[in-house]
Each structure stands twice: as structure tokens, then as C-alpha cells.
$ cat upload_7.txt   # compact mmCIF, C-alpha atoms
# COMPACT_ATOMS: atom_id res chain seq x y z
CA MET Q 22 34.77 7.22 11.51
CA GLU Q 23 35.58 6.58 15.15
CA ALA Q 24 33.17 5.55 17.89
CA GLU Q 25 33.31 8.95 19.56
CA THR Q 26 32.64 10.78 16.31
CA LEU Q 27 29.69 8.53 15.56
CA GLN Q 28 28.25 9.10 19.01
CA ARG Q 29 28.55 12.85 18.48
CA PHE Q 30 26.83 12.59 15.09
CA GLU Q 31 24.00 10.55 16.54
CA SER Q 32 23.55 12.83 19.54
CA TYR Q 33 23.31 15.86 17.28
CA ALA Q 34 21.09 14.24 14.66
CA PHE Q 35 18.71 12.74 17.23
CA ASP Q 36 18.60 15.99 19.19
CA LEU Q 37 20.18 14.58 22.34
CA MET Q 38 22.73 17.35 22.87
CA SER Q 39 22.50 20.22 25.28
CA GLU Q 40 22.43 23.69 23.76
CA SER Q 41 26.13 24.29 24.47
CA GLU Q 42 27.14 20.90 23.00
CA LYS Q 43 25.07 21.66 19.94
CA GLN Q 44 26.73 25.04 19.43
CA ALA Q 45 30.19 23.50 19.83
CA PHE Q 46 29.36 20.78 17.29
CA GLU Q 47 28.00 23.29 14.79
CA ALA Q 48 31.14 25.41 15.20
CA ASP Q 49 33.26 22.32 14.49
CA LEU Q 50 31.25 21.61 11.37
CA VAL Q 51 32.00 25.11 10.11
CA SER Q 52 35.71 25.00 10.91
CA ASP Q 53 36.35 21.41 9.82
CA PRO Q 54 35.21 20.58 6.26
CA GLY Q 55 36.32 16.97 6.71
CA LEU Q 56 34.00 16.55 9.70
CA LYS Q 57 31.19 18.24 7.81
CA ALA Q 58 31.63 15.89 4.83
CA GLU Q 59 31.71 12.89 7.15
CA PHE Q 60 28.58 14.07 8.95
CA GLU Q 61 26.76 14.49 5.65
CA GLU Q 62 27.75 10.97 4.64
CA PHE Q 63 26.41 9.73 7.95
CA LEU Q 64 23.06 11.43 7.30
CA HIS Q 65 22.89 9.90 3.82
CA ILE Q 66 23.63 6.45 5.15
CA VAL Q 67 20.95 6.72 7.83
CA ASN Q 68 18.48 7.95 5.23
CA GLY Q 69 19.31 4.90 3.12
CA ILE Q 70 18.87 2.54 6.08
CA ARG Q 71 15.52 4.09 6.88
CA ALA Q 72 14.36 3.96 3.28
CA TYR Q 73 15.40 0.30 3.10
CA GLU Q 74 13.45 -0.69 6.20
CA ARG Q 75 10.49 1.44 5.16
CA GLU Q 76 10.22 -0.47 1.89
CA LYS Q 77 10.39 -3.77 3.73
CA ILE Q 78 7.59 -2.77 6.09
CA ARG Q 79 5.49 -1.40 3.26
CA GLY Q 80 5.81 -4.73 1.47
CA MET Q 81 4.87 -6.53 4.64
CA MET Q 82 1.70 -4.49 5.09
CA ARG Q 83 0.63 -5.11 1.53
CA GLU Q 84 1.44 -8.79 1.74
CA SER Q 85 -0.83 -9.04 4.68
CA LYS Q 86 -3.57 -7.50 2.59
CA LEU Q 87 -3.00 -10.30 0.12
CA ARG Q 88 -3.11 -12.83 2.90
CA SER Q 89 -6.54 -11.60 3.93
CA LEU Q 90 -7.69 -12.06 0.34
CA GLN Q 91 -6.29 -15.55 0.37
CA GLY Q 92 -8.17 -16.07 3.63
CA GLY Q 93 -11.33 -15.17 1.75
CA TRP Q 94 -10.46 -17.70 -0.88
CA ARG Q 95 -9.82 -20.36 1.74
CA SER Q 96 -13.25 -19.77 3.25
CA LEU Q 97 -14.76 -20.13 -0.21
CA ARG Q 98 -12.93 -23.40 -0.54
CA ARG Q 99 -14.42 -24.56 2.77
CA VAL Q 100 -17.86 -23.74 1.40
CA ALA Q 101 -17.04 -25.77 -1.70
CA VAL Q 102 -15.97 -28.73 0.44
CA ALA Q 103 -19.22 -28.52 2.40
CA ALA Q 104 -21.14 -28.37 -0.88
CA ALA Q 105 -19.36 -31.48 -2.09
CA ILE Q 106 -20.39 -33.36 1.06
CA ILE Q 107 -23.99 -32.30 0.55
CA LEU Q 108 -23.76 -33.48 -3.03
CA LEU Q 109 -22.80 -36.92 -1.90
CA LEU Q 110 -25.63 -37.01 0.58
CA VAL Q 111 -28.32 -35.68 -1.69
CA ILE Q 112 -28.02 -38.25 -4.46
CA PRO Q 113 -31.14 -37.36 -6.55
CA GLY Q 114 -29.97 -33.82 -7.21
CA TYR Q 115 -26.35 -34.77 -7.71
CA VAL Q 116 -26.15 -34.88 -11.50
CA ILE Q 117 -27.86 -31.54 -12.04
CA PHE Q 118 -25.83 -29.91 -9.30
CA ARG Q 119 -22.60 -31.28 -10.74
CA MET Q 120 -23.38 -29.89 -14.18
CA THR Q 121 -24.07 -26.48 -12.67
CA THR Q 122 -20.75 -26.54 -10.83
CA VAL Q 123 -18.87 -27.38 -14.01
CA THR Q 124 -20.51 -24.61 -15.99
CA SER Q 125 -20.03 -22.14 -13.12
CA ARG Q 126 -16.34 -22.93 -13.28
CA LEU Q 127 -16.48 -22.08 -16.94
CA ALA Q 128 -18.07 -18.71 -16.13
CA LYS Q 129 -15.38 -18.04 -13.57
CA GLU Q 130 -12.60 -19.03 -15.95
CA TYR Q 131 -13.76 -16.69 -18.69
CA TYR Q 132 -14.79 -13.77 -16.56
CA ILE Q 133 -12.76 -10.67 -17.43
CA GLU Q 134 -12.42 -8.22 -14.55
CA ASP Q 135 -13.35 -4.70 -15.50
CA PRO Q 136 -10.95 -2.13 -13.96
CA GLY Q 137 -13.70 0.48 -13.66
CA LEU Q 138 -13.80 4.03 -14.90
CA PRO Q 139 -10.86 6.35 -14.19
CA VAL Q 140 -11.45 8.55 -11.18
CA LYS Q 141 -10.20 12.10 -11.57
CA MET Q 142 -12.04 13.99 -8.90
CA GLY Q 143 -10.87 17.49 -9.70
CA ALA Q 144 -12.13 17.39 -13.23
CA SER Q 145 -15.19 15.34 -12.53
CA THR Q 146 -18.71 16.47 -13.06
CA ASN Q 147 -20.29 13.51 -11.34
CA ARG Q 148 -19.02 13.11 -7.84
CA LEU Q 149 -21.39 10.28 -6.93
CA LEU Q 150 -20.28 8.20 -9.92
CA ASP Q 151 -16.66 8.80 -8.87
CA GLU Q 152 -17.53 7.66 -5.36
CA ALA Q 153 -19.18 4.56 -6.78
CA MET Q 154 -16.06 3.85 -8.85
CA ILE Q 155 -13.81 4.13 -5.82
CA GLU Q 156 -16.01 1.63 -3.99
CA TYR Q 157 -16.02 -0.57 -7.07
CA LYS Q 158 -12.24 -0.51 -7.42
CA ASP Q 159 -11.96 -1.30 -3.75
CA LYS Q 160 -14.22 -4.31 -4.37
CA GLN Q 161 -16.90 -2.87 -2.10
CA TYR Q 162 -19.61 -3.87 -4.53
CA ARG Q 163 -22.51 -3.42 -2.13
CA ASP Q 164 -21.51 0.19 -1.42
CA ALA Q 165 -20.89 0.81 -5.12
CA LEU Q 166 -24.36 -0.54 -5.93
CA GLU Q 167 -25.94 1.77 -3.39
CA LYS Q 168 -24.44 4.81 -5.13
CA ILE Q 169 -25.18 3.51 -8.60
CA GLY Q 170 -28.76 2.93 -7.43
CA ILE Q 171 -29.12 6.60 -6.46
CA LEU Q 172 -27.85 7.67 -9.87
CA LYS Q 173 -30.08 5.18 -11.64
CA ALA Q 174 -33.14 6.71 -10.04
CA ASP Q 175 -32.59 9.72 -12.33
CA SER Q 176 -31.25 7.82 -15.35
CA PRO Q 177 -32.68 4.29 -15.32
CA ASP Q 178 -31.57 3.60 -18.89
CA ASN Q 179 -28.01 4.83 -18.55
CA ASP Q 180 -25.72 2.17 -20.09
CA THR Q 181 -22.74 2.88 -17.88
CA LEU Q 182 -24.80 2.60 -14.71
CA ASN Q 183 -26.56 -0.55 -15.82
CA TYR Q 184 -23.32 -2.15 -16.90
CA TYR Q 185 -21.49 -1.52 -13.62
CA ALA Q 186 -24.59 -2.48 -11.63
CA GLY Q 187 -24.53 -5.77 -13.54
CA ILE Q 188 -20.85 -6.29 -12.78
CA CYS Q 189 -21.40 -5.56 -9.07
CA HIS Q 190 -24.30 -8.02 -8.88
CA PHE Q 191 -22.24 -10.59 -10.76
CA GLU Q 192 -19.32 -10.16 -8.37
CA LEU Q 193 -21.70 -10.55 -5.44
CA GLY Q 194 -23.09 -13.75 -6.92
CA GLU Q 195 -26.50 -12.14 -7.52
CA ASN Q 196 -26.83 -13.61 -10.96
CA GLU Q 197 -30.55 -12.98 -11.49
CA LYS Q 198 -30.02 -9.29 -10.79
CA ALA Q 199 -26.89 -9.27 -12.97
CA VAL Q 200 -28.99 -10.68 -15.81
CA GLN Q 201 -31.57 -7.92 -15.30
CA SER Q 202 -28.94 -5.19 -15.41
CA PHE Q 203 -27.04 -6.53 -18.39
CA SER Q 204 -30.25 -7.23 -20.29
CA SER Q 205 -31.31 -3.61 -19.96
CA ILE Q 206 -28.49 -2.53 -22.28
CA VAL Q 207 -30.23 -2.92 -25.60
CA ASN Q 208 -28.65 -0.19 -27.70
CA GLN Q 209 -26.16 -1.85 -30.03
CA GLU Q 210 -24.30 1.43 -30.45
CA SER Q 211 -23.45 1.51 -26.75
CA ASN Q 212 -19.80 0.99 -25.83
CA TYR Q 213 -21.00 -1.49 -23.25
CA TYR Q 214 -23.30 -3.52 -25.48
CA TYR Q 215 -21.03 -6.48 -26.25
CA GLN Q 216 -19.34 -6.44 -22.86
CA ALA Q 217 -22.79 -6.59 -21.29
CA LYS Q 218 -23.87 -9.41 -23.63
CA TYR Q 219 -20.73 -11.35 -22.78
CA ASN Q 220 -21.27 -10.98 -19.04
CA LEU Q 221 -24.94 -11.74 -19.53
CA GLY Q 222 -23.88 -15.04 -21.08
CA LEU Q 223 -21.66 -15.78 -18.08
CA ALA Q 224 -24.45 -14.92 -15.63
CA PHE Q 225 -26.81 -17.26 -17.51
CA ILE Q 226 -24.17 -19.99 -17.32
CA LYS Q 227 -24.00 -19.52 -13.55
CA LEU Q 228 -27.77 -19.80 -13.38
CA GLY Q 229 -27.68 -23.04 -15.37
CA LYS Q 230 -29.60 -21.43 -18.25
CA THR Q 231 -27.40 -22.80 -20.98
CA GLU Q 232 -29.69 -21.98 -23.91
CA ASP Q 233 -29.95 -18.32 -22.89
CA ALA Q 234 -26.18 -18.23 -22.39
CA ILE Q 235 -25.59 -19.63 -25.88
CA SER Q 236 -27.91 -17.05 -27.38
CA ALA Q 237 -26.11 -14.13 -25.67
CA LEU Q 238 -22.62 -15.43 -26.38
CA ARG Q 239 -23.36 -16.25 -29.99
CA GLU Q 240 -24.03 -12.58 -30.65
CA VAL Q 241 -20.67 -11.67 -29.10
CA ALA Q 242 -18.90 -14.42 -31.05
CA GLU Q 243 -20.39 -13.10 -34.28
CA LYS Q 244 -20.17 -9.35 -33.83
CA GLY Q 245 -18.02 -8.65 -30.79
CA GLN Q 246 -14.41 -7.61 -30.91
CA ASP Q 247 -11.00 -9.01 -30.05
CA GLN Q 248 -10.67 -10.94 -26.81
CA LEU Q 249 -14.39 -10.94 -26.03
CA ARG Q 250 -15.15 -12.51 -29.41
CA LEU Q 251 -12.47 -15.18 -29.06
CA ASN Q 252 -13.54 -15.98 -25.51
CA ALA Q 253 -17.19 -16.23 -26.53
CA MET Q 254 -16.26 -18.66 -29.31
CA GLU Q 255 -14.27 -20.83 -26.91
CA ILE Q 256 -17.08 -20.89 -24.34
CA LEU Q 257 -19.60 -21.86 -27.00
CA GLU Q 258 -17.42 -24.79 -27.98
CA LYS Q 259 -17.35 -25.96 -24.38
CA LEU Q 260 -21.05 -25.56 -23.63
CA MET M 27 -8.17 -0.79 19.39
CA GLN M 28 -7.53 2.32 21.52
CA ASP M 29 -4.88 4.81 20.43
CA GLU M 30 -3.01 4.22 23.69
CA LYS M 31 -2.83 0.51 22.98
CA ILE M 32 -1.58 1.09 19.44
CA ILE M 33 1.08 3.51 20.66
CA SER M 34 2.17 1.12 23.36
CA ASP M 35 2.34 -1.70 20.78
CA PHE M 36 4.37 0.53 18.45
CA ARG M 37 6.80 1.19 21.28
CA ASN M 38 7.13 -2.56 21.72
CA HIS M 39 7.85 -2.84 17.99
CA ASP M 40 4.76 -4.95 17.45
CA MET M 41 4.29 -5.18 13.69
CA ASN M 42 0.70 -6.38 14.16
CA ALA M 43 -0.20 -2.92 15.41
CA LEU M 44 1.22 -1.46 12.22
CA GLN M 45 -0.86 -3.88 10.23
CA TYR M 46 -3.93 -3.01 12.28
CA VAL M 47 -3.56 0.72 11.60
CA TYR M 48 -2.97 0.03 7.92
CA GLN M 49 -6.08 -2.07 7.54
CA THR M 50 -8.31 0.05 9.75
CA TYR M 51 -7.73 3.43 8.11
CA ARG M 52 -6.66 2.50 4.59
CA ARG M 53 -10.05 2.76 2.94
CA ASP M 54 -11.08 5.98 4.67
CA PHE M 55 -7.79 7.62 3.80
CA ILE M 56 -7.88 6.66 0.13
CA LYS M 57 -11.43 7.93 -0.22
CA TRP M 58 -10.66 11.14 1.63
CA ALA M 59 -7.39 11.81 -0.22
CA SER M 60 -8.88 11.07 -3.62
CA PHE M 61 -11.69 13.53 -3.12
CA LYS M 62 -9.94 16.27 -1.24
CA TYR M 63 -6.73 16.43 -3.26
CA SER M 64 -7.74 14.90 -6.58
CA VAL M 65 -5.03 12.25 -6.52
CA ASP M 66 -5.39 8.81 -8.09
CA THR M 67 -6.27 5.99 -5.74
CA GLU M 68 -2.91 4.35 -6.47
CA VAL M 69 -1.06 7.47 -5.33
CA ALA M 70 -3.27 7.73 -2.26
CA GLU M 71 -2.52 4.09 -1.44
CA ASP M 72 1.25 4.66 -1.65
CA VAL M 73 1.03 7.81 0.42
CA PHE M 74 -1.03 6.03 3.01
CA SER M 75 1.38 3.16 3.56
CA ASP M 76 4.22 5.67 3.87
CA ALA M 77 2.22 7.73 6.34
CA VAL M 78 1.53 4.67 8.53
CA ILE M 79 5.26 3.98 8.69
CA ASP M 80 5.92 7.64 9.53
CA VAL M 81 3.48 7.48 12.42
CA TYR M 82 5.20 4.36 13.72
CA HIS M 83 8.58 6.00 13.33
CA ASN M 84 7.49 9.23 14.99
CA VAL M 85 6.07 7.35 17.95
CA LEU M 86 9.38 5.53 18.38
CA SER M 87 11.46 8.66 18.03
CA GLU M 88 9.20 10.52 20.50
CA ARG M 89 8.16 13.05 17.87
CA TYR M 90 4.56 12.06 18.43
CA GLN M 91 3.06 13.14 21.74
CA LYS M 92 -0.41 11.76 22.34
CA SER M 93 -1.43 14.62 24.58
CA ASP M 94 -0.91 17.15 21.77
CA ARG M 95 -3.10 15.33 19.30
CA ALA M 96 -6.81 14.78 18.84
CA SER M 97 -6.33 11.16 17.76
CA LEU M 98 -3.88 8.87 16.08
CA LYS M 99 -6.13 8.88 13.03
CA SER M 100 -5.98 12.69 12.73
CA TYR M 101 -2.23 12.56 13.08
CA LEU M 102 -1.99 9.87 10.43
CA PHE M 103 -4.19 11.85 8.06
CA GLU M 104 -2.20 15.02 8.73
CA ILE M 105 1.01 13.28 7.74
CA GLY M 106 -0.68 11.82 4.68
CA LYS M 107 -2.00 15.25 3.76
CA ASN M 108 1.50 16.75 3.91
CA LYS M 109 2.86 13.96 1.77
CA ILE M 110 0.19 14.58 -0.85
CA LEU M 111 0.86 18.31 -0.77
CA ASN M 112 4.54 17.60 -1.32
CA ILE M 113 3.70 15.43 -4.31
CA LEU M 114 1.47 18.14 -5.71
CA ASN M 115 4.27 20.61 -5.12
CA ARG M 116 6.67 18.49 -7.11
CA GLN M 117 4.14 18.18 -9.89
CA LYS M 118 3.49 21.92 -9.69
CA ILE M 119 -0.19 21.37 -10.22
CA SER M 120 -1.39 24.83 -9.29
CA GLU M 121 -0.44 28.10 -7.70
CA ASN M 122 -3.10 27.57 -5.12
CA HIS M 123 -1.65 24.29 -3.96
CA LEU M 124 1.81 25.84 -3.71
CA LYS M 125 0.51 28.46 -1.32
CA ILE M 126 -0.93 25.78 0.89
CA ILE M 127 2.37 23.89 0.87
CA ALA M 128 4.34 26.99 1.86
CA HIS M 129 2.02 27.29 4.82
CA GLN M 130 2.23 23.61 5.71
CA GLN M 131 5.92 22.91 5.38
CA GLY M 132 7.86 22.60 8.55
CA SER M 133 5.14 20.82 10.44
CA VAL M 134 6.32 17.28 9.78
CA TYR M 135 9.45 17.50 7.66
CA ASN M 136 11.57 19.73 9.77
CA ASN M 137 14.19 17.26 10.82
CA ILE M 138 17.79 17.18 9.78
CA PHE M 139 17.54 13.91 7.85
CA GLU M 140 14.85 15.22 5.53
CA SER M 141 16.98 18.22 4.59
CA SER M 142 19.92 16.04 3.61
CA LYS M 143 18.01 13.64 1.36
CA ASN M 144 19.73 12.60 -1.82
CA GLU M 145 17.77 10.06 -3.79
CA GLU M 146 20.74 8.65 -5.66
CA ILE M 147 22.75 7.90 -2.52
CA THR M 148 19.67 6.65 -0.69
CA ASN M 149 19.01 4.13 -3.46
CA LYS M 150 22.64 3.09 -3.48
CA VAL M 151 22.60 2.48 0.29
CA LYS M 152 19.36 0.51 -0.07
CA GLU M 153 20.97 -1.74 -2.67
CA LEU M 154 24.08 -2.17 -0.54
CA LEU M 155 22.02 -3.17 2.46
CA ASP M 156 20.79 -6.12 0.47
CA LEU M 157 24.38 -7.18 -0.09
CA ILE M 158 25.80 -6.91 3.41
CA ASP M 159 25.30 -9.66 5.98
CA GLN M 160 21.98 -9.99 7.74
CA LYS M 161 23.36 -9.22 11.17
CA CYS M 162 24.57 -5.87 9.89
CA GLN M 163 21.21 -5.17 8.26
CA LYS M 164 19.45 -6.00 11.49
CA VAL M 165 21.63 -4.02 13.87
CA LEU M 166 21.47 -0.94 11.64
CA THR M 167 17.74 -1.05 11.02
CA LEU M 168 16.92 -1.80 14.67
CA PHE M 169 18.89 1.21 15.77
CA TYR M 170 18.34 3.77 13.02
CA PHE M 171 14.78 2.91 12.04
CA HIS M 172 13.13 1.15 14.98
CA SER M 173 15.04 3.28 17.54
CA LEU M 174 15.87 0.34 19.80
CA SER M 175 18.45 1.02 22.51
CA MET M 176 21.80 -0.73 22.22
CA GLU M 177 20.90 -2.73 25.30
CA ASP M 178 17.70 -3.98 23.66
CA ILE M 179 19.56 -4.73 20.44
CA ALA M 180 22.13 -6.78 22.36
CA ARG M 181 19.29 -8.77 23.94
CA GLU M 182 17.39 -9.16 20.67
CA MET M 183 20.44 -10.27 18.71
CA ASP M 184 22.09 -12.38 21.39
CA PHE M 185 25.17 -10.21 21.67
CA LYS M 186 27.18 -10.64 24.83
CA ASN M 187 26.51 -7.08 25.97
CA GLU M 188 25.71 -3.54 24.88
CA ASP M 189 29.33 -2.80 23.95
CA VAL M 190 29.49 -5.72 21.54
CA ALA M 191 26.31 -4.43 19.88
CA LYS M 192 27.78 -0.92 19.66
CA ASN M 193 30.97 -2.21 18.05
CA LYS M 194 28.99 -4.22 15.56
CA LYS M 195 26.90 -1.19 14.64
CA LEU M 196 29.99 0.98 14.16
CA LYS M 197 31.67 -1.66 12.01
CA CYS M 198 28.58 -2.16 9.86
CA LEU M 199 28.03 1.55 9.43
CA LYS M 200 31.64 2.13 8.42
CA ARG M 201 31.46 -0.74 5.96
CA LEU M 202 28.33 0.68 4.39
CA GLN M 203 29.80 4.17 4.30
CA HIS M 204 33.04 3.04 2.69
CA ILE M 205 31.32 1.02 -0.01
CA ALA M 206 28.70 3.66 -0.70
CA PHE M 207 31.26 6.42 -1.07
CA GLY M 208 33.88 4.37 -2.88
CA ARG M 209 36.53 4.23 -0.18
CA TYR M 210 36.36 0.53 0.45
CA ASP M 211 39.13 -1.97 1.02
CA LYS M 212 39.03 -5.71 1.60
CA THR M 213 38.19 -5.31 5.32
CA ASP M 214 34.84 -3.91 4.27
CA PHE M 215 33.92 -7.23 2.65
CA PHE M 216 35.56 -9.75 4.96
CA ASP M 217 35.31 -9.92 8.72
$ encode --input "upload_7.txt" --output "C-alpha cells"
Amino acid sequence: MEAETLQRFESYAFDLMSESEKQAFEADLVSDPGLKAEFEEFLHIVNGIRAYEREKIRGMMRESKLRSLQGGWRSLRRVAVAAAIILLLVIPGYVIFRMTTVTSRLAKEYYIEDPGLPVKMGASTNRLLDEAMIEYKDKQYRDALEKIGILKADSPDNDTLNYYAGICHFELGENEKAVQSFSSIVNQESNYYYQAKYNLGLAFIKLGKTEDAISALREVAEKGQDQLRLNAMEILEKL
Amino acid sequence: MQDEKIISDFRNHDMNALQYVYQTYRRDFIKWASFKYSVDTEVAEDVFSDAVIDVYHNVLSERYQKSDRASLKSYLFEIGKNKILNILNRQKISENHLKIIAHQQGSVYNNIFESSKNEEITNKVKELLDLIDQKCQKVLTLFYFHSLSMEDIAREMDFKNEDVAKNKKLKCLKRLQHIAFGRYDKTDFFD
């Protein structure tokens, strides 16, 4: 391809030609199959270049999303540093506080993130629950809780609602409320029963209520399934 | 940030503006797309990032005119909507959706590049771009994606003048074309 040909291709493709130039170029494309083939190759190459850069930018945008999450983590770390300083200053409470921190770490280590319920709007019968799930998946736990709360007004004993309310509270660090939600799932036939018991144990650990945590986790270790059971056994060994 | 500011930042190739648009409208779009078109959130997320890049690209290529549009957000959502409708078309979800697509097509995808798309060659070119030298990558993407003038490219890449930048672009394009279409010789690999 020569420089003049390329300039003609670009002028046509980027709509920079006058009407008469355009007509002349189109006539050449018809009469010269070689030119037409070369022009098509040019279009393919430009498409490839654009797709390449598009992917790079897309990656960049998503990376930045990750960076903001890391930013959140860094601010948590700053809080932890401040807490450590307070610990050193407030000697009498130090031992108890330290134990709580260690056990909280345990709760964090064994926490299994729940991906949430699948959201298929078209087929859904419960739009508000779908909305809550979208918020939940987007980690907007406060908004998710608001919607779950509306649904719970009609079905206060619904296992699904109580379970996800518990998870949202847990994620928000509202451990007392998480305990309330998880504790309300009492039906052993419920699909959420052992998951709720497991998370209940973790919430109790975060609250420093080790005996209650042991009681909840023991049930999971004895009757739960697969990973939950193994995790519960490991935690019990460490408590 | 005002639309005018975003558009002006796009024209200055400021990637922070792209990031700003992405973060500002992402959540709204995913919610809206999931409900209105019954697509999974993952699909909506992919569509959204593509739509943001389209807006950026359309601003640079003068296909977006602020005066014609209610807001940048509406324009972004319109592009996203068309992308979703195209996906639904490909999946042939329903007759009803197809009718909507027939009505919609032509509004955003009416340019010559879209009509010549060939996924196999596009992927091949993408892979080749990773193999060629970085200066080539840069000159080609600055011109064909970011729509920089040759004068600006010369300045950006420290070329002596516009003509040097033009020659470099031609050489890189030819190299890519030869390798992609199997007509290469050693000059395509060594300067």
C-alpha cells in the first residue's frame, strides 16, 4: 500500500471526501478488484487496532475499580493502626481487646462469601427480591437491607430473607443484628439452616461470645455438609 | 462533572474522564439494563464498559454532537441499549425483541467499519499488535482509535515532524497488514 492510497482509504473511511471524490473512489472500487481487496484489508486492520485499544481501556477502567477497593482496604488498615495505638495506651483493656482481635481474624478467615441468588428479571415473580439481589451483588448492603426489610414486613419468617439480611448485617459489621437474623432460621429442613448456623458462629466470634460460637459451630461440624462442616471443625479446634 | 467538561476532557484524551464516566454511571446502567432487558449483571457490566468507550470514541470522531443530545448519560444509555439489543438479536431471544432491533439498527452502527467486521481477522490483528514494537502500537492506536492528528502524534511521540509520524504509521500499518494476511517478508520484522 502506498501513502497516497492509504490517504484515500482514510479519507473515504473517515468521511472526509467531497461527494465527487467519494463517487470516484467508489467507482474505482468497482472497477479495480485489487483496490477493493486492499481497502477491505485496511478496514479489517483498523477494526483490529480499535478492538485492541478498546480491550486495553476496558481493562484499565476495571483495574481502577479494583484500586478503589484496595483504597477501601487501605483505609481499614489505617483504622487498624489507630486501634493498635489505642490498645497500647489503654493498658487495662488490652488483653481482652487483643483476644477479640485474634478471634475476629478467625471469623474473617473462615467467612465464605455468598454469591447471592441468580437474578433473571424476565422470569422473575419477585421484582423487589431481584432488586435486593442486585444491590447485594454490588456490595450495596445497606440498600439491599432496605429492600429485604420491605419484603420481611410481609414474610417475617422467610428463611431466604432472614439469611440474606444476616449476611448484609455481617458484611456491614452489625454483628448483633446478624446474630438476630441468623438465629431466626430455626427450621432444620431449610436450605439455609446450616449456612445460617455457620455464619451465626462467626458473628458470635466477632462479638467475643466464644461459648455461643462453639455451640452454633458444633452443630454445623456434626450435621453440616462438605466445606461448611470441615471449616466448622477447624474453627472449633482453634477456639 | 458537567457534560461539557467531560467532553472537553475526552477531546484532550484524558483517561480520568473515562474513568469518571465509568464509575459514575456504572451502577445505574447495570440496574437499568438488568431490569429493562432481562440480561445478567455480568453481561450488563461488559456492555457498559464497551458503551463508555464508544462514547469516548464517538466524541473524538465527532459523531457525538452535544447540541443534539439531552445529556451524555442518555447518549451512553442509548448506546448501551443498542448493544444489548444486538446481543439479544444474536441470541434470538424473541420475535418481539427482533422487531425492536430492526427499528433501532442504523442509529449507532451505521459506519463502514462496523459493516466490515470479521471476528477472526480482528482477533488476529489484536494478537499481532502485541507482537509488534511499542512505537508501532502507539502510533496506530493514537491515530485510528484516539483520532489524534499526525501533528499531535509527532509531538506526543517525539518525532521530528508530522511527515516522520506519517511515514511511521504507513510502515507500521503495512507491516501489520502483511503479517495478518500472510504476505510478509523479512522487512516486516526488521527495521
$ interface_residues --input "upload_7.txt" --of "chain Q" --to "chain M" --cutoff "10 Å" --atoms "all atoms listed in the file" --output "count of residues only"
49
$ atom_distance --input "upload_7.txt" --atom1 "atom CA of Gln248 of chain Q" --atom2 "atom CA of Ala186 of chain Q"
22.3 Å
$ atom_distance --input "upload_7.txt" --atom1 "atom CA of Gly222 of chain Q" --atom2 "atom CA of Lys259 of chain Q"
13.1 Å
$ closest_residue --input "upload_7.txt" --among "Q:Glu240, Q:Asp175, Q:Asp180, Q:Asp233" --to "Val200 of chain Q" --atoms "only C-alpha atoms"
Q:Asp233
$ residues_around --input "upload_7.txt" --residues "segment 44-46 of chain Q" --least-positions-apart "4" --cutoff "12 Å" --atoms "only C-alpha atoms" --output "number ranges by chain"
Q: 26, 28-34, 36, 38-40, 50-53, 56-57, 60
$ atom_distance --input "upload_7.txt" --atom1 "atom CA of Glu88 of chain M" --atom2 "atom CA of Asp159 of chain M"
29.6 Å
$ residues_near_point --input "upload_7.txt" --point "(-32.6, -8.5, -17.6)" --cutoff "12 Å" --atoms "only C-alpha atoms" --output "MDAnalysis selection string"
chainID Q and resid 183:184 186:187 196:207 217:218 220:222 224:225 233 237
$ residues_around --input "upload_7.txt" --residues "segment 29-38 of chain M" --least-positions-apart "6" --cutoff "8 Å" --atoms "all atoms listed in the file" --output "PyMOL selection string"
chain M and resi 44+82+85-86+97-98
$ residues_around --input "upload_7.txt" --residues "Tyr157 of chain Q" --least-positions-apart "5" --cutoff "9 Å" --atoms "all atoms listed in the file" --output "number ranges by chain"
Q: 136-137, 152, 162-166, 185, 189
